[in-house]
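Participant: Contents of protein.cif (mmCIF, C-alpha atoms) are given next:
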data_query
#
loop_
_atom_site.label_atom_id
_atom_site.label_comp_id
_atom_site.auth_asym_id
_atom_site.auth_seq_id
_atom_site.Cartn_x
_atom_site.Cartn_y
_atom_site.Cartn_z
CA MET A 1 46.19 -37.94 -57.42
CA VAL A 2 42.50 -38.72 -57.90
CA LYS A 3 41.81 -37.53 -54.36
CA ILE A 4 43.50 -34.17 -55.05
CA LYS A 5 41.46 -33.82 -58.26
CA TYR A 6 38.18 -34.29 -56.35
CA LEU A 7 39.39 -31.97 -53.60
CA LEU A 8 40.14 -29.24 -56.17
CA ILE A 9 36.75 -29.69 -57.87
CA GLY A 10 35.07 -29.50 -54.46
CA LEU A 11 37.02 -26.35 -53.58
CA VAL A 12 36.08 -24.67 -56.89
CA MET A 13 32.41 -25.58 -56.33
CA VAL A 14 32.48 -24.13 -52.81
CA ILE A 15 34.01 -20.90 -54.14
CA ILE A 16 31.38 -20.69 -56.92
CA GLY A 17 28.66 -21.32 -54.30
CA ILE A 18 29.97 -18.51 -52.08
CA VAL A 19 30.17 -16.08 -55.03
CA VAL A 20 26.61 -16.97 -56.13
CA ALA A 21 25.28 -16.63 -52.55
CA ILE A 22 26.96 -13.20 -52.16
CA THR A 23 25.57 -12.04 -55.53
CA LEU A 24 22.04 -13.32 -54.96
CA PHE A 25 21.79 -12.40 -51.28
CA PRO A 26 23.86 -9.25 -50.75
CA SER A 27 24.53 -8.13 -47.19
CA GLU A 28 22.67 -5.13 -45.79
CA GLU A 29 25.92 -3.16 -45.97
CA LYS A 30 26.17 -3.86 -49.70
CA ARG A 31 22.55 -2.87 -50.23
CA VAL A 32 23.14 0.42 -48.43
CA LYS A 33 26.27 1.05 -50.49
CA LYS A 34 24.31 0.33 -53.67
CA GLN A 35 22.00 3.27 -52.88
CA PHE A 36 25.02 5.56 -52.80
CA HIS A 37 26.29 4.13 -56.08
CA LEU A 38 22.88 4.82 -57.64
CA LEU A 39 22.85 8.36 -56.25
CA SER A 40 26.34 8.91 -57.63
CA GLU A 41 25.32 7.53 -61.03
CA TRP A 42 22.13 9.57 -61.23
CA VAL A 43 23.58 12.87 -59.99
CA SER A 44 26.53 12.60 -62.38
CA LYS A 45 25.96 14.12 -65.78
CA SER A 46 27.70 13.90 -69.12
CA THR A 47 27.81 16.66 -71.72
CA GLU A 48 25.65 14.56 -74.10
CA GLU A 49 22.70 14.20 -71.71
CA ASN A 50 19.38 15.00 -73.39
CA ALA A 51 16.19 16.45 -71.88
CA PHE A 52 14.47 13.04 -71.64
CA THR A 53 17.39 11.50 -69.69
CA MET A 54 17.51 14.58 -67.49
CA LEU A 55 13.84 14.19 -66.52
CA GLN A 56 14.30 10.48 -65.90
CA ARG A 57 17.31 11.15 -63.67
CA MET A 58 15.31 13.69 -61.65
CA LYS A 59 12.66 11.06 -61.02
CA ASP A 60 15.28 8.41 -60.24
CA ILE A 61 17.02 10.65 -57.70
CA GLY A 62 13.72 11.27 -55.92
CA SER A 63 13.08 7.52 -55.66
CA LEU A 64 16.16 7.12 -53.43
CA PHE A 65 14.72 9.37 -50.72
CA ASP A 66 12.18 8.82 -47.98
CA ALA A 67 8.86 10.68 -48.31
CA GLN A 68 10.30 13.22 -45.84
CA CYS A 69 14.06 13.77 -45.71
CA GLU A 70 15.98 16.06 -43.40
CA LEU A 71 18.80 17.99 -45.06
CA LYS A 72 21.47 20.00 -43.26
CA VAL A 73 23.60 21.72 -45.90
CA PRO A 74 24.37 25.18 -44.47
CA ASP A 75 26.50 26.33 -47.45
CA GLN A 76 23.58 25.86 -49.85
CA SER A 77 20.98 27.22 -47.40
CA LEU A 78 19.37 23.79 -47.47
CA SER A 79 18.28 23.11 -43.94
CA GLY A 80 15.02 21.52 -42.97
CA THR A 81 12.71 18.73 -43.95
CA TYR A 82 12.00 18.27 -47.64
CA THR A 83 9.65 16.01 -49.51
CA ARG A 84 10.87 13.55 -52.12
CA GLU A 85 9.42 15.79 -54.87
CA GLU A 86 11.15 18.89 -53.51
CA ILE A 87 14.50 17.09 -53.45
CA SER A 88 13.91 15.80 -56.95
CA THR A 89 13.10 19.32 -58.22
CA TYR A 90 16.11 20.82 -56.40
CA ALA A 91 18.42 18.16 -57.85
CA GLY A 92 17.03 18.77 -61.33
CA SER A 93 17.51 22.52 -61.00
CA ALA A 94 21.08 22.10 -59.68
CA ARG A 95 21.92 19.66 -62.50
CA SER A 96 20.53 22.03 -65.13
CA HIS A 97 23.18 24.61 -64.13
CA ALA A 98 25.95 22.13 -64.90
CA SER A 99 27.11 20.90 -68.27
CA GLN A 100 29.05 18.05 -66.71
CA LEU A 101 29.02 16.53 -63.21
CA ASP A 102 30.76 13.68 -61.48
CA LEU A 103 29.81 12.63 -57.94
CA LYS A 104 31.95 10.09 -56.16
CA PHE A 105 31.81 8.65 -52.64
CA TYR A 106 34.80 7.44 -50.63
CA ASP A 107 35.64 6.02 -47.19
CA PHE A 108 32.31 4.48 -46.25
CA ASP A 109 31.76 3.80 -42.57
CA ILE A 110 28.44 2.00 -42.26
CA GLY A 111 26.78 1.20 -38.95
CA PHE A 112 23.36 -0.14 -37.99
CA PRO A 113 22.44 1.56 -34.69
CA GLU A 114 18.98 -0.02 -34.71
CA LYS A 115 16.93 -2.41 -36.83
CA GLY A 116 15.91 -0.86 -40.15
CA MET A 117 18.28 2.08 -39.78
CA ALA A 118 21.74 2.64 -41.25
CA LYS A 119 24.09 5.45 -40.31
CA VAL A 120 26.76 6.16 -42.90
CA THR A 121 29.73 8.52 -42.69
CA LEU A 122 31.61 9.13 -45.92
CA THR A 123 33.43 11.60 -48.12
CA ALA A 124 31.60 12.99 -51.16
CA ARG A 125 33.45 14.66 -54.01
CA LEU A 126 31.61 16.61 -56.68
CA THR A 127 33.55 17.75 -59.72
CA GLY A 128 32.32 19.21 -62.97
CA ARG A 129 31.74 22.27 -65.06
CA SER A 130 28.90 24.79 -64.99
CA THR A 131 27.02 25.84 -68.12
CA THR A 132 29.01 29.10 -68.01
CA GLY A 133 32.27 27.10 -68.13
CA GLU A 134 33.25 27.47 -64.46
CA GLN A 135 35.06 24.52 -62.90
CA THR A 136 33.49 22.91 -59.81
CA ASP A 137 35.43 20.85 -57.30
CA ASP A 138 33.89 20.39 -53.88
CA THR A 139 34.63 17.77 -51.24
CA ARG A 140 32.54 17.28 -48.11
CA GLU A 141 32.18 14.82 -45.29
CA LEU A 142 28.60 13.60 -44.99
CA GLU A 143 26.64 11.88 -42.27
CA CYS A 144 23.63 10.10 -43.71
CA VAL A 145 20.81 8.14 -42.16
CA LEU A 146 18.98 5.60 -44.31
CA LYS A 147 15.80 3.82 -43.30
CA LYS A 148 14.62 0.47 -44.57
CA ILE A 149 11.13 0.99 -45.93
CA GLU A 150 9.38 -1.79 -47.84
CA ASN A 151 12.67 -3.67 -48.12
CA LYS A 152 14.40 -0.67 -49.69
CA TRP A 153 17.03 1.56 -48.09
CA LEU A 154 15.98 5.20 -48.46
CA PHE A 155 17.82 8.38 -47.48
CA SER A 156 16.04 10.03 -44.56
CA GLN A 157 18.75 12.42 -43.37
CA ILE A 158 21.84 13.99 -44.96
CA GLU A 159 24.09 16.30 -43.00
CA VAL A 160 27.27 18.04 -44.10
CA VAL A 161 29.98 17.78 -41.42
CA GLU A 162 31.97 20.95 -40.94
CA VAL A 163 35.60 19.86 -41.30
CA LEU A 164 37.05 23.38 -41.48
CA LYS A 165 35.32 26.14 -39.57
CA LYS A 166 36.25 29.62 -40.75
CA MET B 1 76.47 -20.14 -61.71
CA THR B 2 76.62 -18.19 -64.98
CA VAL B 3 75.21 -14.69 -65.38
CA HIS B 4 72.55 -16.09 -67.68
CA HIS B 5 71.39 -18.50 -64.99
CA LYS B 6 71.38 -15.79 -62.34
CA ILE B 7 69.20 -13.54 -64.51
CA ARG B 8 66.84 -16.40 -65.28
CA LYS B 9 66.62 -17.30 -61.60
CA PHE B 10 65.89 -13.66 -60.73
CA PHE B 11 63.04 -13.23 -63.21
CA PHE B 12 61.69 -16.80 -63.10
CA PRO B 13 62.38 -18.08 -59.58
CA SER B 14 61.31 -21.57 -58.61
CA LEU B 15 58.17 -21.46 -56.48
CA THR B 16 59.60 -22.95 -53.31
CA PRO B 17 57.77 -22.50 -49.97
CA LYS B 18 60.62 -20.25 -48.79
CA PHE B 19 60.19 -18.02 -51.84
CA LEU B 20 56.40 -17.82 -51.40
CA ILE B 21 56.77 -16.86 -47.73
CA ARG B 22 59.27 -14.16 -48.69
CA VAL B 23 56.95 -12.75 -51.38
CA SER B 24 53.95 -12.79 -48.99
CA LEU B 25 55.94 -10.98 -46.30
CA ILE B 26 57.08 -8.30 -48.77
CA ALA B 27 53.52 -7.84 -50.09
CA LEU B 28 52.13 -7.58 -46.54
CA SER B 29 54.82 -5.09 -45.47
CA ALA B 30 54.21 -2.96 -48.58
CA TYR B 31 50.45 -3.01 -47.95
CA LEU B 32 50.86 -1.92 -44.34
CA PHE B 33 53.55 0.67 -45.11
CA PHE B 34 51.83 2.34 -48.07
CA GLY B 35 48.31 1.80 -46.75
CA TYR B 36 48.78 3.12 -43.22
CA LEU B 37 52.18 4.74 -42.65
CA CYS B 38 53.24 6.42 -45.86
CA ILE B 39 50.11 6.95 -47.94
CA PRO B 40 50.63 7.97 -51.57
CA PHE B 41 48.43 10.79 -52.86
CA THR B 42 47.97 13.07 -55.85
CA ILE B 43 47.44 16.78 -55.31
CA GLN B 44 44.27 18.01 -57.01
CA GLY B 45 43.66 21.72 -56.92
CA ILE B 46 45.63 24.93 -56.63
CA SER B 47 45.06 25.93 -53.00
CA MET B 48 48.70 25.25 -52.04
CA GLU B 49 50.31 26.90 -55.09
CA PRO B 50 53.15 27.72 -55.56
CA THR B 51 54.49 25.41 -52.81
CA TYR B 52 52.62 22.38 -54.12
CA HIS B 53 51.38 22.14 -57.68
CA ASN B 54 48.20 20.66 -59.08
CA ARG B 55 48.65 17.00 -60.09
CA GLY B 56 51.82 16.65 -58.01
CA VAL B 57 52.51 13.29 -56.39
CA ASN B 58 53.51 12.95 -52.77
CA PHE B 59 53.28 10.69 -49.71
CA CYS B 60 51.57 11.39 -46.40
CA TRP B 61 53.94 10.47 -43.56
CA ARG B 62 51.68 9.54 -40.68
CA LEU B 63 54.22 9.18 -37.88
CA ARG B 64 55.29 12.84 -37.94
CA TYR B 65 53.10 13.85 -35.00
CA LEU B 66 53.41 10.67 -32.99
CA PHE B 67 55.40 12.43 -30.26
CA SER B 68 54.88 16.08 -31.14
CA GLU B 69 52.21 18.60 -32.03
CA PRO B 70 51.78 20.46 -35.33
CA LYS B 71 53.62 23.79 -35.31
CA ARG B 72 52.89 27.05 -37.11
CA HIS B 73 54.01 26.94 -40.79
CA ASP B 74 53.89 23.11 -40.93
CA VAL B 75 52.13 21.71 -44.00
CA VAL B 76 49.69 19.00 -42.94
CA THR B 77 47.11 16.69 -44.47
CA VAL B 78 43.58 16.95 -43.09
CA ARG B 79 41.26 14.01 -43.49
CA PHE B 80 37.56 13.92 -44.24
CA ALA B 81 35.77 10.63 -43.44
CA GLY B 82 38.90 8.59 -44.20
CA ASN B 83 42.24 8.83 -45.94
CA LYS B 84 41.11 8.45 -49.58
CA VAL B 85 40.51 12.21 -49.92
CA MET B 86 42.50 14.68 -47.83
CA LEU B 87 43.17 18.40 -47.76
CA LEU B 88 46.70 19.76 -47.95
CA LYS B 89 46.97 22.92 -45.81
CA ARG B 90 49.39 24.98 -43.76
CA VAL B 91 49.07 25.45 -40.00
CA VAL B 92 48.91 29.17 -39.16
CA ALA B 93 47.68 29.10 -35.56
CA ARG B 94 47.30 26.74 -32.61
CA GLU B 95 44.67 26.31 -29.92
CA GLY B 96 43.98 29.38 -27.84
CA GLU B 97 45.50 31.78 -30.39
CA GLN B 98 43.52 34.50 -32.13
CA VAL B 99 43.64 34.57 -35.94
CA GLU B 100 42.71 37.37 -38.30
CA PHE B 101 43.44 38.62 -41.79
CA ARG B 102 43.90 42.33 -42.49
CA ASP B 103 44.35 43.37 -46.13
CA GLY B 104 45.72 39.93 -46.93
CA LYS B 105 48.17 39.87 -44.01
CA LEU B 106 47.95 37.20 -41.32
CA PHE B 107 47.80 38.34 -37.71
CA VAL B 108 48.01 35.94 -34.77
CA ASP B 109 47.27 37.37 -31.32
CA GLY B 110 47.48 40.83 -32.88
CA LYS B 111 51.01 40.33 -34.29
CA GLU B 112 51.70 40.19 -38.00
CA ILE B 113 53.12 36.84 -39.08
CA GLU B 114 55.73 36.64 -41.82
CA GLU B 115 54.67 34.16 -44.49
CA PRO B 116 57.45 33.77 -47.06
CA TYR B 117 55.53 30.95 -48.75
CA VAL B 118 52.62 33.23 -49.76
CA LEU B 119 53.77 34.59 -53.09
CA TYR B 120 50.53 35.58 -54.77
CA PRO B 121 48.65 38.81 -53.96
CA CYS B 122 45.94 38.55 -51.32
CA ASP B 123 43.37 41.07 -50.08
CA TRP B 124 41.54 38.98 -47.49
CA ASN B 125 39.90 40.49 -44.46
CA LEU B 126 38.68 38.22 -41.70
CA PRO B 127 37.66 39.45 -38.24
CA PRO B 128 39.58 37.96 -35.29
CA ARG B 129 38.53 34.53 -34.05
CA GLN B 130 39.83 32.26 -31.33
CA VAL B 131 41.15 28.81 -32.16
CA GLU B 132 39.17 26.41 -29.97
CA GLU B 133 40.67 23.85 -27.62
CA ASP B 134 42.14 20.81 -29.34
CA HIS B 135 41.93 22.57 -32.73
CA ILE B 136 44.43 24.09 -35.14
CA TYR B 137 43.86 26.72 -37.82
CA VAL B 138 44.90 25.81 -41.36
CA VAL B 139 45.00 27.83 -44.59
CA GLY B 140 46.31 27.19 -48.11
CA ASP B 141 49.30 29.10 -49.49
CA ASN B 142 47.40 30.33 -52.55
CA ARG B 143 45.19 33.16 -51.32
CA ASN B 144 44.85 34.80 -54.71
CA MET B 145 41.13 34.10 -54.79
CA PRO B 146 38.05 35.44 -53.01
CA ILE B 147 38.03 34.39 -49.35
CA GLU B 148 34.66 32.61 -49.85
CA ASN B 149 36.20 30.30 -52.46
CA HIS B 150 39.10 29.13 -50.30
CA HIS B 151 38.57 26.14 -48.06
CA PHE B 152 40.26 27.01 -44.74
CA GLY B 153 39.58 27.30 -41.03
CA GLN B 154 39.97 25.49 -37.76
CA THR B 155 39.81 21.76 -37.46
CA THR B 156 40.24 19.22 -34.68
CA LYS B 157 43.75 17.85 -34.20
CA ASN B 158 42.53 14.28 -34.66
CA ARG B 159 41.82 15.11 -38.31
CA ILE B 160 45.51 15.73 -38.96
CA MET B 161 46.73 12.65 -40.78
CA GLY B 162 50.38 13.60 -41.18
CA VAL B 163 52.71 15.63 -43.35
CA PRO B 164 53.76 15.42 -46.99
CA LEU B 165 57.16 13.75 -47.37
CA TRP B 166 58.55 16.62 -49.48
#
Now, as a test, write the supplied structure out as structure tokens.
Facilitator:
Amino acid sequence: MVKIKYLLIGLVMVIIGIVVAITLFPSEEKRVKKQFHLLSEWVSKSTEENAFTMLQRMKDIGSLFDAQCELKVPDQSLSGTYTREEISTYAGSARSHASQLDLKFYDFDIGFPEKGMAKVTLTARLTGRSTTGEQTDDTRELECVLKKIENKWLFSQIEVVEVLKK
Amino acid sequence: MTVHHKIRKFFFPSLTPKFLIRVSLIALSAYLFFGYLCIPFTIQGISMEPTYHNRGVNFCWRLRYLFSEPKRHDVVTVRFAGNKVMLLKRVVAREGEQVEFRDGKLFVDGKEIEEPYVLYPCDWNLPPRQVEEDHIYVVGDNRNMPIENHHFGQTTKNRIMGVPLW
């Protein structure tokens, strides 16, 4: 009985140790995913957002990108290499046309083709309402490349995959 | 055994190894069945109205095209990066066929196609285009919207996940 008690205590301690280790030292995959969660959080917008928060979000969004990021979004005529500041300004302008936004990512497929580089394929869904009251609901498959710069994963390429070709 | 005992045994079974194995097997089967073979989904959007309504619940049956190919008029689910978000569309043409819309009417290889499921008025015009090899052409049933706002076109067959159960 005493043996079982010690065994259980040992088991609980091992589990706690594993949880602590995972929390303190997240895997590279988790760190990459976290960047997407931050992007989702910062692009999303509630109806109560004030001007100060909006400016802060613009700056935050920019901080997730590499100094130069390649975008391939044919629908929005966004194709080429953009600076962090340009992306930040574009995001701010796009957000200002919406009264409410919700960006969510699904079905992550994360690979590391080379050291310091992550290639992620996922589904992005943007829902919301424009300032004129129009409903927005757009889903796209994205292929993203993130580079590890100064121990931080930054977006260096985002491409929209054409699922349906008219 | 009295009815009372039977009810009690049903709701509060004794945790015997046999019972735990049975529960684990049921949970595993349910996970595999509903996670990979018969995936539950909620319809969001009006692109398949009036055949399928917004917020309707359905299941995607993945084995439908195990030994056959999608046919014209079949309703299929098209995946993005994974199966968390899918499109529900109708097949209107197969590889090698030529698709076009004239004043809202569908023409395949120059012949008008009867579409009893399209009940709302449509005025689309789309010049003829060839469905590429290993692709199928899918469109929603609700074409009562500008052609630019409807998500349709050709997609690779490997993106077809299955069919809705009803």
Participant: What gap, in Å, lies between atom CA of Ile4 of chain A and atom CA of Thr16 of chain B?
Facilitator: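 Interatomic distance here is 19.7 Å.
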Participant: Name the residues that the PyMOL selection byres ((chain A) within 10 of (chain B)) pulls out of this structure, and write them as number ranges by chain.
Facilitator: A: 105-109, 121-125, 137-143, 161-166
Participant: With C-alpha atoms retained, export the selected residues as a JSON list (two decimals), in the coordinates of the input.
Facilitator:
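To be explicit, this is the file written out as selection.json:
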[["chain", "number", "residue", "atom", "x", "y", "z"],
["A", 105, "PHE", "CA", 31.81, 8.65, -52.64],
["A", 106, "TYR", "CA", 34.80, 7.44, -50.63],
["A", 107, "ASP", "CA", 35.64, 6.02, -47.19],
["A", 108, "PHE", "CA", 32.31, 4.48, -46.25],
["A", 109, "ASP", "CA", 31.76, 3.80, -42.57],
["A", 121, "THR", "CA", 29.73, 8.52, -42.69],
["A", 122, "LEU", "CA", 31.61, 9.13, -45.92],
["A", 123, "THR", "CA", 33.43, 11.60, -48.12],
["A", 124, "ALA", "CA", 31.60, 12.99, -51.16],
["A", 125, "ARG", "CA", 33.45, 14.66, -54.01],
["A", 137, "ASP", "CA", 35.43, 20.85, -57.30],
["A", 138, "ASP", "CA", 33.89, 20.39, -53.88],
["A", 139, "THR", "CA", 34.63, 17.77, -51.24],
["A", 140, "ARG", "CA", 32.54, 17.28, -48.11],
["A", 141, "GLU", "CA", 32.18, 14.82, -45.29],
["A", 142, "LEU", "CA", 28.60, 13.60, -44.99],
["A", 143, "GLU", "CA", 26.64, 11.88, -42.27],
["A", 161, "VAL", "CA", 29.98, 17.78, -41.42],
["A", 162, "GLU", "CA", 31.97, 20.95, -40.94],
["A", 163, "VAL", "CA", 35.60, 19.86, -41.30],
["A", 164, "LEU", "CA", 37.05, 23.38, -41.48],
["A", 165, "LYS", "CA", 35.32, 26.14, -39.57],
["A", 166, "LYS", "CA", 36.25, 29.62, -40.75]]
Participant: Could you tell me, as an mmCIF file with C-alpha atoms, in the coordinates of the input, exactly which residues end up selected when the PyMOL selection byres ((chain A and resi 70) around 6) is applied to this structure?
Facilitator:
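The file below, part-v3.cif, is the result:
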data_model
loop_
_atom_site.group_PDB
_atom_site.id
_atom_site.type_symbol
_atom_site.label_atom_id
_atom_site.label_comp_id
_atom_site.auth_asym_id
_atom_site.auth_seq_id
_atom_site.Cartn_x
_atom_site.Cartn_y
_atom_site.Cartn_z
ATOM 1 C CA CYS A 69 14.060 13.770 -45.710
ATOM 2 C CA LEU A 71 18.800 17.990 -45.060
ATOM 3 C CA GLY A 80 15.020 21.520 -42.970
ATOM 4 C CA THR A 81 12.710 18.730 -43.950
ATOM 5 C CA GLN A 157 18.750 12.420 -43.370
#
Participant: Could you tell me which residues the PyMOL selection byres ((chain B and resi 51-63) around 7) returns for this structure, as a JSON list (two decimals) with C-alpha atoms, in the coordinates of the input?
Facilitator:
[["chain", "number", "residue", "atom", "x", "y", "z"],
["B", 37, "LEU", "CA", 52.18, 4.74, -42.65],
["B", 38, "CYS", "CA", 53.24, 6.42, -45.86],
["B", 39, "ILE", "CA", 50.11, 6.95, -47.94],
["B", 40, "PRO", "CA", 50.63, 7.97, -51.57],
["B", 41, "PHE", "CA", 48.43, 10.79, -52.86],
["B", 42, "THR", "CA", 47.97, 13.07, -55.85],
["B", 43, "ILE", "CA", 47.44, 16.78, -55.31],
["B", 44, "GLN", "CA", 44.27, 18.01, -57.01],
["B", 45, "GLY", "CA", 43.66, 21.72, -56.92],
["B", 46, "ILE", "CA", 45.63, 24.93, -56.63],
["B", 48, "MET", "CA", 48.70, 25.25, -52.04],
["B", 49, "GLU", "CA", 50.31, 26.90, -55.09],
["B", 50, "PRO", "CA", 53.15, 27.72, -55.56],
["B", 64, "ARG", "CA", 55.29, 12.84, -37.94],
["B", 65, "TYR", "CA", 53.10, 13.85, -35.00],
["B", 66, "LEU", "CA", 53.41, 10.67, -32.99],
["B", 117, "TYR", "CA", 55.53, 30.95, -48.75],
["B", 161, "MET", "CA", 46.73, 12.65, -40.78],
["B", 162, "GLY", "CA", 50.38, 13.60, -41.18],
["B", 163, "VAL", "CA", 52.71, 15.63, -43.35],
["B", 164, "PRO", "CA", 53.76, 15.42, -46.99],
["B", 165, "LEU", "CA", 57.16, 13.75, -47.37]]
Participant: Counting only C-alpha atoms, what is within 6 Å of Gly140 of chain B, bar same-chain residues fewer than 6 positions away, as an NGL selection string?
Facilitator: :B and (47-48 or 89-90)
Participant: Could you check the closest approach to Ala51 of chain A for each of A:Val12, A:Arg95, A:Lys72, A:His37 and tell me which residue wins, using only C-alpha atoms?
Facilitator: A:Arg95
Participant: If you measure from atom CA of Gln135 of chain A to atom CA of Leu101 of chain A, what distance in Å do you get, rounded to one decimal?
Facilitator: 10.0 Å
Participant: Set the distance at 9 Å and use all atoms listed in the file: which residues neighbour Met54 of chain A once local chain neighbours fewer than 6 positions away are removed? I'd like the list as number ranges by chain.
Facilitator: A: 45, 92, 95-96
Participant: Leaving out Ala91 of chain A and any residue of its chain fewer than 4 positions from it, which residues lie within 9 Å of it when counting all atoms listed in the file, given as JSON, numbers by chain?
Facilitator: {"A": [43, 58, 61, 62, 86, 87, 95, 96]}
Participant: As an exercise, work out the distance from atom CA of Leu88 of chain B to atom CA of Leu78 of chain A in Å and give it to one decimal place.
Facilitator: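 Atom CA of Leu88 of chain B sits 27.6 Å away from atom CA of Leu78 of chain A.
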Participant: Select, from A:Arg31, A:His97, A:Lys3, A:Lys59, the residue with the minimum atom-to-atom distance to Lys147 of chain A, counting only C-alpha atoms.
Facilitator: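 Residue with the minimum atom-to-atom distance to Lys147 of chain A: A:Arg31.
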Participant: Between A:Thr127, A:Ile22, A:Asp66, A:Ala98, which has the minimum distance to Arg84 of chain A (counting only C-alpha atoms)?
Facilitator: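 Ranking A:Thr127, A:Ile22, A:Asp66, A:Ala98 by distance to Arg84 of chain A, first place goes to A:Asp66.
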Participant: For Glu97 of chain B, find every residue with an atom within 10 Å (counting only C-alpha atoms), except residues of its own chain fewer than 3 positions away, and show them as a ChimeraX atom specification.
Facilitator: /B:92-94,108-110,128-133,136-137
Participant: Please list as a VMD selection string every residue within 10 Å of Leu146 of chain A, counting only C-alpha atoms and excluding residues in the same chain fewer than 4 positions away.
Facilitator: chain A and resid 32 35 64 to 66 69 112 116 to 120 152 to 158
Participant: Given only C-alpha atoms as the basis, pick out the residue of A:Ser40, A:Ser88, A:Thr23, A:Gln76 nearest to Asp60 of chain A.
Facilitator: A:Ser88
Participant: Put segment 124-129 of chain A into a file with all heavy atoms, as a CSV table (one decimal), in the first residue's frame.
Facilitator:
chain,number,residue,atom,x,y,z
A,124,ALA,N,-7.2,30.0,-43.3
A,124,ALA,CA,-7.5,31.3,-42.6
A,124,ALA,C,-8.9,31.7,-42.8
A,124,ALA,O,-9.3,31.7,-44.0
A,124,ALA,CB,-6.5,32.4,-43.0
A,125,ARG,N,-9.6,32.0,-41.8
A,125,ARG,CA,-11.0,32.5,-42.0
A,125,ARG,C,-11.2,33.8,-41.4
A,125,ARG,O,-11.0,34.0,-40.2
A,125,ARG,CB,-12.0,31.5,-41.4
A,125,ARG,CG,-13.4,31.8,-41.7
A,125,ARG,CD,-14.3,30.6,-41.5
A,125,ARG,NE,-15.6,31.0,-42.0
A,125,ARG,CZ,-16.7,30.9,-41.2
A,125,ARG,NH1,-16.7,30.3,-40.0
A,125,ARG,NH2,-17.9,31.3,-41.7
A,126,LEU,N,-11.6,34.8,-42.2
A,126,LEU,CA,-11.8,36.2,-41.7
A,126,LEU,C,-13.3,36.5,-41.8
A,126,LEU,O,-13.9,36.4,-42.9
A,126,LEU,CB,-11.0,37.1,-42.6
A,126,LEU,CG,-11.1,38.6,-42.1
A,126,LEU,CD1,-10.2,38.8,-40.9
A,126,LEU,CD2,-10.5,39.5,-43.2
A,127,THR,N,-13.9,36.8,-40.7
A,127,THR,CA,-15.3,37.1,-40.6
A,127,THR,C,-15.5,38.5,-40.0
A,127,THR,O,-14.6,38.9,-39.2
A,127,THR,CB,-16.2,36.1,-39.9
A,127,THR,OG1,-15.6,36.0,-38.6
A,127,THR,CG2,-16.3,34.8,-40.5
A,128,GLY,N,-16.5,39.2,-40.3
A,128,GLY,CA,-16.7,40.5,-39.6
A,128,GLY,C,-17.7,41.3,-40.3
A,128,GLY,O,-18.5,40.8,-41.1
A,129,ARG,N,-17.7,42.6,-40.0
A,129,ARG,CA,-18.6,43.6,-40.6
A,129,ARG,C,-17.9,44.8,-40.9
A,129,ARG,O,-17.1,45.3,-40.1
A,129,ARG,CB,-19.7,43.8,-39.5
A,129,ARG,CG,-21.0,44.5,-40.0
A,129,ARG,CD,-22.0,44.7,-38.9
A,129,ARG,NE,-22.6,43.4,-38.6
A,129,ARG,CZ,-23.6,42.9,-39.2
A,129,ARG,NH1,-24.2,43.6,-40.2
A,129,ARG,NH2,-24.2,41.8,-38.8
